[in-house]
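Engineer: File follows, target15.txt with compact mmCIF, C-alpha atoms and all ligand atoms:
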```
# COMPACT_ATOMS: atom_id res chain seq x y z
CA MET A 1 -20.14 -59.51 13.78
CA GLN A 2 -23.07 -60.45 15.96
CA ASP A 3 -21.09 -61.12 19.11
CA MET A 4 -19.50 -57.70 18.94
CA LEU A 5 -22.92 -56.23 19.69
CA ASN A 6 -23.09 -57.99 23.05
CA ARG A 7 -21.30 -55.57 25.28
CA ALA A 8 -22.01 -56.56 28.82
CA ASP A 9 -21.21 -53.28 30.50
CA THR A 10 -22.65 -50.69 28.16
CA PRO A 11 -25.52 -48.83 29.79
CA PRO A 12 -28.35 -47.25 27.76
CA ILE A 13 -26.70 -43.83 27.54
CA SER A 14 -26.72 -42.01 24.20
CA ASN A 15 -23.40 -40.22 24.73
CA ALA A 16 -20.45 -42.52 24.08
CA LEU A 17 -18.07 -39.71 25.04
CA HIS A 18 -18.80 -36.56 26.98
CA ILE A 19 -16.07 -33.97 27.55
CA LYS A 20 -17.00 -30.94 29.61
CA GLY A 21 -14.94 -27.86 30.39
CA VAL A 22 -11.52 -29.44 29.91
CA SER A 23 -8.38 -27.27 29.75
CA HIS A 24 -4.72 -28.28 29.59
CA THR A 25 -1.49 -26.35 29.82
CA PHE A 26 2.10 -27.22 28.94
CA GLY A 27 4.04 -24.90 31.23
CA SER A 28 2.48 -21.51 30.56
CA PHE A 29 1.10 -22.52 27.14
CA LYS A 30 -2.62 -23.22 27.07
CA ALA A 31 -3.05 -26.13 24.65
CA LEU A 32 -6.74 -26.72 25.49
CA ASP A 33 -9.08 -23.97 26.57
CA ASN A 34 -12.36 -25.02 28.15
CA VAL A 35 -13.11 -27.77 25.64
CA SER A 36 -16.54 -29.40 25.67
CA LEU A 37 -17.83 -31.93 23.17
CA GLU A 38 -20.08 -34.94 22.90
CA VAL A 39 -19.94 -38.01 20.70
CA GLU A 40 -23.19 -39.92 20.46
CA ARG A 41 -23.34 -43.66 20.04
CA GLY A 42 -23.69 -44.55 16.38
CA SER A 43 -22.16 -41.24 15.36
CA PHE A 44 -19.11 -40.57 13.24
CA THR A 45 -17.82 -37.31 14.68
CA VAL A 46 -14.96 -35.53 12.96
CA LEU A 47 -12.60 -33.50 15.14
CA LEU A 48 -11.38 -31.07 12.51
CA GLY A 49 -8.44 -28.82 13.19
CA PRO A 50 -5.14 -27.73 11.66
CA ASN A 51 -1.83 -29.01 13.02
CA GLY A 52 -1.32 -27.71 16.53
CA ALA A 53 -5.04 -27.26 17.22
CA GLY A 54 -4.85 -29.56 20.25
CA LYS A 55 -6.43 -32.74 18.87
CA SER A 56 -3.73 -35.14 20.10
CA THR A 57 -3.53 -33.36 23.45
CA LEU A 58 -7.26 -33.91 23.89
CA PHE A 59 -6.84 -37.60 23.04
CA SER A 60 -4.02 -37.83 25.60
CA LEU A 61 -6.43 -36.59 28.23
CA VAL A 62 -9.20 -39.00 27.22
CA THR A 63 -6.76 -41.93 27.29
CA ARG A 64 -5.37 -40.71 30.64
CA LEU A 65 -1.83 -40.17 29.45
CA TYR A 66 -2.29 -36.75 31.04
CA ASP A 67 -4.53 -36.21 34.03
CA ASN A 68 -7.40 -33.82 33.41
CA VAL A 69 -7.26 -31.36 36.24
CA SER A 70 -10.19 -29.24 35.11
CA GLY A 71 -13.53 -30.34 33.76
CA THR A 72 -14.82 -33.88 33.31
CA ILE A 73 -14.49 -36.66 30.75
CA ASP A 74 -16.79 -39.63 30.75
CA ILE A 75 -17.23 -42.67 28.57
CA LEU A 76 -20.80 -43.96 28.55
CA GLY A 77 -21.33 -42.27 31.86
CA ALA A 78 -18.15 -43.59 33.53
CA ASP A 79 -15.92 -40.73 34.69
CA ILE A 80 -12.30 -41.40 33.67
CA ARG A 81 -10.97 -40.09 36.97
CA ARG A 82 -13.42 -41.75 39.33
CA GLN A 83 -13.93 -45.01 37.39
CA PRO A 84 -10.82 -45.28 35.19
CA THR A 85 -10.89 -49.06 34.73
CA LEU A 86 -14.51 -49.14 33.67
CA ALA A 87 -14.15 -46.07 31.46
CA LEU A 88 -11.02 -47.30 29.67
CA ARG A 89 -12.51 -50.76 29.14
CA ARG A 90 -15.13 -49.09 26.95
CA LEU A 91 -12.59 -47.14 24.93
CA GLY A 92 -10.60 -48.17 21.85
CA VAL A 93 -7.78 -46.03 20.48
CA VAL A 94 -5.81 -45.78 17.24
CA PHE A 95 -2.88 -43.46 17.91
CA GLN A 96 -1.29 -41.06 15.45
CA SER A 97 2.05 -42.92 15.36
CA ARG A 98 2.37 -46.54 14.30
CA THR A 99 2.55 -49.02 17.13
CA LEU A 100 2.51 -52.55 15.66
CA ASP A 101 5.43 -54.94 15.99
CA SER A 102 6.57 -55.26 12.38
CA ASP A 103 8.45 -58.55 12.90
CA LEU A 104 5.38 -60.35 14.18
CA SER A 105 2.51 -61.63 12.08
CA LEU A 106 -0.86 -59.88 12.12
CA ALA A 107 -2.34 -62.76 14.15
CA GLN A 108 0.53 -62.61 16.66
CA ASN A 109 0.21 -58.84 17.12
CA LEU A 110 -3.49 -59.21 17.88
CA TYR A 111 -3.01 -62.30 20.03
CA TYR A 112 -0.50 -60.63 22.33
CA HIS A 113 -2.64 -57.54 22.62
CA ALA A 114 -5.75 -59.59 23.46
CA LYS A 115 -3.70 -61.39 26.12
CA LEU A 116 -2.80 -57.99 27.56
CA HIS A 117 -6.52 -57.36 27.90
CA GLY A 118 -6.65 -60.51 30.03
CA PHE A 119 -8.29 -62.93 27.60
CA SER A 120 -7.43 -66.64 27.66
CA GLY A 121 -5.39 -68.14 24.80
CA THR A 122 -8.41 -69.53 22.96
CA GLU A 123 -10.45 -66.37 23.36
CA ALA A 124 -7.48 -64.18 22.39
CA ARG A 125 -7.08 -66.18 19.18
CA GLU A 126 -10.79 -66.02 18.39
CA ARG A 127 -10.99 -62.30 19.03
CA GLY A 128 -7.93 -61.68 16.88
CA ALA A 129 -9.37 -63.72 14.00
CA HIS A 130 -12.71 -61.97 14.29
CA ALA A 131 -11.16 -58.49 14.37
CA LEU A 132 -9.07 -59.31 11.28
CA LYS A 133 -12.24 -60.35 9.51
CA VAL A 134 -13.90 -57.05 10.41
CA VAL A 135 -11.08 -55.12 8.69
CA GLY A 136 -10.93 -57.51 5.73
CA LEU A 137 -7.47 -58.96 6.39
CA SER A 138 -8.22 -62.57 7.35
CA ASP A 139 -6.19 -63.85 4.41
CA ARG A 140 -3.10 -62.03 5.70
CA ALA A 141 -3.23 -63.35 9.26
CA ASP A 142 0.13 -65.10 9.05
CA HIS A 143 1.99 -62.41 7.14
CA LYS A 144 4.42 -60.20 8.99
CA VAL A 145 3.32 -56.62 9.56
CA ARG A 146 6.37 -55.37 7.63
CA GLU A 147 4.94 -56.96 4.47
CA LEU A 148 1.81 -54.78 4.66
CA SER A 149 1.03 -51.52 2.92
CA GLY A 150 0.46 -48.45 5.10
CA GLY A 151 -3.30 -48.75 4.68
CA GLN A 152 -3.29 -52.43 5.64
CA ALA A 153 -1.20 -51.69 8.73
CA ARG A 154 -3.71 -49.03 9.74
CA ARG A 155 -6.50 -51.59 9.35
CA VAL A 156 -4.63 -53.96 11.69
CA GLU A 157 -4.38 -51.15 14.24
CA ILE A 158 -8.12 -50.64 13.94
CA ALA A 159 -8.61 -54.40 14.42
CA ARG A 160 -6.43 -54.21 17.52
CA SER A 161 -8.44 -51.31 18.94
CA LEU A 162 -11.61 -53.45 18.66
CA LEU A 163 -10.37 -56.58 20.47
CA HIS A 164 -12.01 -55.70 23.79
CA ARG A 165 -15.20 -54.54 22.04
CA PRO A 166 -15.18 -50.88 22.97
CA ALA A 167 -18.27 -48.71 22.62
CA MET A 168 -16.22 -45.60 21.85
CA LEU A 169 -13.34 -45.41 19.40
CA LEU A 170 -10.78 -42.58 19.11
CA LEU A 171 -8.71 -42.33 15.94
CA ASP A 172 -5.95 -39.73 15.69
CA GLU A 173 -5.25 -38.71 12.07
CA PRO A 174 -5.62 -42.33 10.95
CA THR A 175 -5.20 -41.63 7.24
CA VAL A 176 -2.10 -39.42 7.31
CA GLY A 177 0.51 -40.66 4.86
CA LEU A 178 -1.87 -43.00 3.02
CA ASP A 179 -2.66 -42.84 -0.69
CA ILE A 180 -6.23 -41.96 -1.66
CA ALA A 181 -7.40 -45.54 -2.27
CA SER A 182 -6.07 -46.74 1.11
CA ARG A 183 -7.55 -43.71 2.83
CA GLU A 184 -10.96 -44.53 1.43
CA GLY A 185 -10.62 -48.16 2.55
CA VAL A 186 -9.79 -47.15 6.12
CA VAL A 187 -12.59 -44.57 6.35
CA LYS A 188 -15.11 -47.06 4.97
CA ILE A 189 -14.24 -49.72 7.55
CA VAL A 190 -14.77 -47.26 10.38
CA ARG A 191 -17.99 -45.85 8.93
CA ASP A 192 -19.35 -49.40 8.54
CA LEU A 193 -18.48 -50.13 12.17
CA VAL A 194 -20.36 -47.04 13.33
CA ARG A 195 -23.45 -48.15 11.43
CA ARG A 196 -23.38 -51.85 12.26
CA GLU A 197 -22.24 -51.69 15.85
CA ASN A 198 -23.63 -48.42 17.15
CA LEU A 199 -20.07 -47.40 17.97
CA GLY A 200 -19.26 -43.79 18.83
CA VAL A 201 -16.29 -42.60 16.77
CA LEU A 202 -14.17 -39.47 17.21
CA TRP A 203 -12.02 -39.11 14.11
CA ALA A 204 -9.32 -36.43 14.39
CA THR A 205 -8.13 -35.00 11.10
CA HIS A 206 -6.96 -31.85 9.35
CA LEU A 207 -8.39 -33.14 6.05
CA ILE A 208 -11.66 -31.44 5.20
CA ASP A 209 -12.48 -33.89 2.41
CA GLU A 210 -12.92 -36.72 4.93
CA ILE A 211 -16.14 -35.16 6.17
CA GLU A 212 -19.48 -36.47 4.92
CA GLU A 213 -22.78 -34.63 4.99
CA SER A 214 -24.26 -36.85 7.71
CA ASP A 215 -21.25 -36.57 10.07
CA ARG A 216 -21.05 -34.53 13.21
CA VAL A 217 -18.28 -31.95 13.10
CA VAL A 218 -16.27 -30.40 15.89
CA VAL A 219 -14.02 -27.59 14.68
CA MET A 220 -10.97 -27.01 16.86
CA HIS A 221 -8.46 -24.17 16.59
CA LYS A 222 -5.75 -23.09 19.02
CA GLY A 223 -7.17 -25.28 21.76
CA LYS A 224 -10.72 -23.95 21.46
CA ILE A 225 -13.89 -25.42 19.99
CA LEU A 226 -15.18 -23.01 17.32
CA TYR A 227 -18.17 -25.10 16.26
CA ALA A 228 -19.82 -28.39 17.18
CA GLY A 229 -22.85 -29.82 15.41
CA THR A 230 -24.12 -31.04 12.07
CA VAL A 231 -22.58 -30.22 8.68
CA PRO A 232 -25.61 -28.18 7.50
CA GLY A 233 -25.52 -26.39 10.86
CA MET A 234 -21.87 -25.51 10.33
CA LEU A 235 -22.58 -24.04 6.89
CA GLU A 236 -25.47 -22.04 8.26
CA HIS A 237 -23.46 -20.87 11.25
CA ALA A 238 -20.64 -19.63 8.99
CA GLY A 239 -22.96 -18.41 6.22
CA GLU A 240 -21.02 -20.39 3.61
CA ALA A 241 -21.99 -22.88 0.91
CA ASN A 242 -19.32 -25.53 1.49
CA ILE A 243 -17.36 -27.02 4.37
CA ARG A 244 -13.98 -25.65 3.30
CA SER A 245 -15.17 -22.03 3.13
CA ALA A 246 -17.09 -22.45 6.37
CA PHE A 247 -13.99 -23.85 8.10
CA ASN A 248 -11.76 -21.05 6.77
CA LYS A 249 -14.26 -18.43 7.88
CA LEU A 250 -14.49 -19.84 11.40
CA VAL A 251 -10.69 -20.00 11.70
CA ASP A 252 -10.24 -16.51 10.20
CA ALA A 253 -12.65 -15.05 12.72
CA ASP A 254 -10.53 -16.66 15.49
CA THR A 255 -7.21 -15.39 14.11
CA PRO A 256 -6.27 -11.85 15.23
CA ASP A 257 -4.16 -10.94 12.16
CA ASN A 258 -6.80 -12.55 9.96
CA LYS A 259 -4.43 -15.06 8.37
CA ALA A 260 -6.14 -18.44 8.65
CA GLY A 261 -4.23 -21.51 9.77
CA ALA A 262 -3.40 -23.88 6.93
CA ALA A 263 -5.97 -26.56 6.27
CA ALA A 264 -5.67 -29.14 3.53
P1 LIG B 1 -2.72 -31.46 16.97
O1 LIG B 1 -2.77 -32.88 17.38
O2 LIG B 1 -4.06 -30.84 16.75
O3 LIG B 1 -1.82 -31.23 15.81
P2 LIG B 1 -1.33 -31.14 19.49
O4 LIG B 1 -2.32 -31.55 20.52
O5 LIG B 1 -0.28 -32.12 19.13
O6 LIG B 1 -2.11 -30.62 18.19
O7 LIG B 1 -0.60 -29.83 19.96
C1 LIG B 1 -1.32 -28.69 20.42
C2 LIG B 1 -0.33 -27.64 20.86
O8 LIG B 1 0.32 -28.08 22.04
C3 LIG B 1 0.77 -27.38 19.84
O9 LIG B 1 1.06 -26.00 19.87
C4 LIG B 1 1.92 -28.18 20.37
O10 LIG B 1 3.16 -27.62 19.98
C5 LIG B 1 1.72 -28.12 21.86
N1 LIG B 1 2.22 -29.32 22.53
C6 LIG B 1 1.80 -30.59 22.32
N2 LIG B 1 2.44 -31.45 23.14
C7 LIG B 1 3.27 -30.71 23.89
C8 LIG B 1 4.22 -31.02 24.95
N3 LIG B 1 4.38 -32.27 25.38
N4 LIG B 1 4.90 -29.98 25.47
C9 LIG B 1 4.71 -28.71 25.06
N5 LIG B 1 3.84 -28.36 24.08
C10 LIG B 1 3.13 -29.33 23.51
MG MG B 2 -2.03 -34.56 16.44
```
Show me this structure written as C-alpha cells.
Structural biologist:
Amino acid sequence: MQDMLNRADTPPISNALHIKGVSHTFGSFKALDNVSLEVERGSFTVLLGPNGAGKSTLFSLVTRLYDNVSGTIDILGADIRRQPTLALRRLGVVFQSRTLDSDLSLAQNLYYHAKLHGFSGTEARERGAHALKVVGLSDRADHKVRELSGGQARRVEIARSLLHRPAMLLLDEPTVGLDIASREGVVKIVRDLVRRENLGVLWATHLIDEIEESDRVVVMHKGKILYAGTVPGMLEHAGEANIRSAFNKLVDADTPDNKAGAAA
C-alpha cells in the first residue's frame, strides 16, 4: 500500500476535483445547468440523484468524452482543457457499464491496461498484482473474468482504475445490479482507499442507503445541484430528520407539479 502514497505529481491542493459553472446540452435539452461542486482529497463524496439527473453526463465531461464549453473542471489544480494529459493522469474512473474482457484472466486484464498507461512489462505486472491485492482478489489472479461474480468483477474494475495511482476517483453507479453483500464489499474497499490513501472519491448513485453520516453529499436533480455539503447540513437545510426525507423534500421543491422523482 505504501508505494501508492508516493504520487510524484500531486501538488498540495485540498481539492481533488473542482467543477465550476459547467453546463451541457444535447440539442436543445439542457442536461447540466450551471453545475459546481468540489471533492476534497480524503473525502468520500456521494453524487446523489435519480435516473436522468445528469450524473453520467457530468462524468463524461470530467473524463473529456464531451468537451466542456462552459465553466471549468480541474483535477488537483490542472484544468482538463488546458492541461488534459496532466489532469487525466491524476484521474481514475469506474464507468457505469462493464468494460473488462471476460475471456482474459484478471491479471491479463490489468496487465494490458497498465501497458496502455505506458508501464514496462515488469512494472505493469507489479502494478496489476498490487492493485488486485488492494481489492482482495490476489488469489483469483489467474481466473478468467467470466468466472467472477458481479461484485468481484466490479472490484477488478476498481483495481484497474487504480493502476496509474490516481488522486481522484470517479465511480458511476458502481453497485447497480449487485446483491447487498457484494455492494457492501465494494463500498468498503473504496471507503478504505479514501482513508488510507487520501484519495478524493466521487461516487454517483441513486441509492440513498449508500450514504454515511461522515460523507459529503451533492444532490443532483434535472441537471442542477440542489444541495452540496455535509449530511447534517443537508438535514438542517431541508428541515428533516433523515436523509431520505431530506432528499425527497429537496426534489419536491424542485418539481413544478410536486411529484418527486423516484429514488430508491
Ligand atoms: P444519470 O446518469 O443521472 O441517470 P444521464 O447523465 O445519463 O443521467 O442523463 C441526463 C439526461 O440527459 C437524461 O434526461 C438523458 O436522457 C439525457 N441524455 C443523456 N445522454 C444523452 C445523449 N447522448 N443524447 C441525448 N440526451 C441524453
Ligand atoms: Mg448514469
Engineer: Using only C-alpha atoms, which of A:Leu17, A:Val93, A:Glu236, A:Leu226 sits nearest Ala253 in chain A?
Structural biologist: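 Distance minimum relative to Ala253 in chain A lands on A:Leu226.
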Engineer: Can you tell me, as a PyMOL selection string, what residues are no more than 9 Å from Gly200 in chain A when counting all atoms listed in the file, ignoring any on the same chain fewer than 2 positions away?
Structural biologist: chain A and resi 15-17+39-45+167-170+194+197-198+202
Engineer: Taking C-alpha atoms for each residue, export the selection above as a CSV table (one decimal), in the frame of the given file.
Structural biologist:
```
chain,number,residue,atom,x,y,z
A,15,ASN,CA,-23.4,-40.2,24.7
A,16,ALA,CA,-20.4,-42.5,24.1
A,17,LEU,CA,-18.1,-39.7,25.0
A,39,VAL,CA,-19.9,-38.0,20.7
A,40,GLU,CA,-23.2,-39.9,20.5
A,41,ARG,CA,-23.3,-43.7,20.0
A,42,GLY,CA,-23.7,-44.6,16.4
A,43,SER,CA,-22.2,-41.2,15.4
A,44,PHE,CA,-19.1,-40.6,13.2
A,45,THR,CA,-17.8,-37.3,14.7
A,167,ALA,CA,-18.3,-48.7,22.6
A,168,MET,CA,-16.2,-45.6,21.8
A,169,LEU,CA,-13.3,-45.4,19.4
A,170,LEU,CA,-10.8,-42.6,19.1
A,194,VAL,CA,-20.4,-47.0,13.3
A,197,GLU,CA,-22.2,-51.7,15.8
A,198,ASN,CA,-23.6,-48.4,17.2
A,202,LEU,CA,-14.2,-39.5,17.2
```
Engineer: Enumerate, in order of chain and increasing residue number, the residues of chain A with an atom no farther than 8 Å from ligand MG 2 (chain B), each with its shortest atom pair and distance in Å to one decimal, counting only C-alpha atoms and all ligand atoms, as JSON lines.
Structural biologist:
```
{"residue": "A:Asn51", "atom": "CA", "partner": "B:MG2", "partner_atom": "MG", "distance": 6.5}
{"residue": "A:Gly52", "atom": "CA", "partner": "B:MG2", "partner_atom": "MG", "distance": 6.9}
{"residue": "A:Ala53", "atom": "CA", "partner": "B:MG2", "partner_atom": "MG", "distance": 7.9}
{"residue": "A:Gly54", "atom": "CA", "partner": "B:MG2", "partner_atom": "MG", "distance": 6.9}
{"residue": "A:Lys55", "atom": "CA", "partner": "B:MG2", "partner_atom": "MG", "distance": 5.3}
{"residue": "A:Ser56", "atom": "CA", "partner": "B:MG2", "partner_atom": "MG", "distance": 4.1}
{"residue": "A:Thr57", "atom": "CA", "partner": "B:MG2", "partner_atom": "MG", "distance": 7.3}
{"residue": "A:Gln96", "atom": "CA", "partner": "B:MG2", "partner_atom": "MG", "distance": 6.6}
{"residue": "A:Asp172", "atom": "CA", "partner": "B:MG2", "partner_atom": "MG", "distance": 6.5}
{"residue": "A:Glu173", "atom": "CA", "partner": "B:MG2", "partner_atom": "MG", "distance": 6.8}
{"residue": "A:Ala204", "atom": "CA", "partner": "B:MG2", "partner_atom": "MG", "distance": 7.8}
```
Engineer: Would you mind reading off the distance between CA of Gly185 in chain A and CA of Arg244 in chain A, one decimal, in Å?
Structural biologist: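 About the pair CA of Gly185 in chain A and CA of Arg244 in chain A: they are 22.8 Å apart.
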Engineer: Could you give me, as number ranges by chain, the residues within 10 Å of Val134 in chain A, counting all atoms listed in the file and dropping anything in the same chain fewer than 6 positions from it?
Structural biologist: A: 1, 128, 155-156, 158-159, 162, 189-190, 192-193
Engineer: Counting all atoms listed in the file, what is within 6 Å of range 102-111 of chain A, bar same-chain residues fewer than 2 positions away, as a list in words?
Structural biologist: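 Once the adjacent positions are removed, what remains is Leu100, His113, Ala114, Ala124, Arg125, Gly128, Ala141, Asp142, His143, Lys144, Val145, Arg146 and Arg160 of chain A.
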Engineer: Those same residues - C-alpha atoms - I'd like them written as a tab-separated table (two decimals), keeping the file's coordinate frame.
Structural biologist:
```
chain	number	residue	atom	x	y	z
A	100	LEU	CA	2.51	-52.55	15.66
A	113	HIS	CA	-2.64	-57.54	22.62
A	114	ALA	CA	-5.75	-59.59	23.46
A	124	ALA	CA	-7.48	-64.18	22.39
A	125	ARG	CA	-7.08	-66.18	19.18
A	128	GLY	CA	-7.93	-61.68	16.88
A	141	ALA	CA	-3.23	-63.35	9.26
A	142	ASP	CA	0.13	-65.10	9.05
A	143	HIS	CA	1.99	-62.41	7.14
A	144	LYS	CA	4.42	-60.20	8.99
A	145	VAL	CA	3.32	-56.62	9.56
A	146	ARG	CA	6.37	-55.37	7.63
A	160	ARG	CA	-6.43	-54.21	17.52
```
Engineer: Could you please extract the residues within 12 Å of ligand LIG 1 (chain B), counting all atoms listed in the file, and hand them back as a ChimeraX atom specification?
Structural biologist: /A:23-33,47-61,65-66,95-97,171-174,176,203-207,219-225,261-263
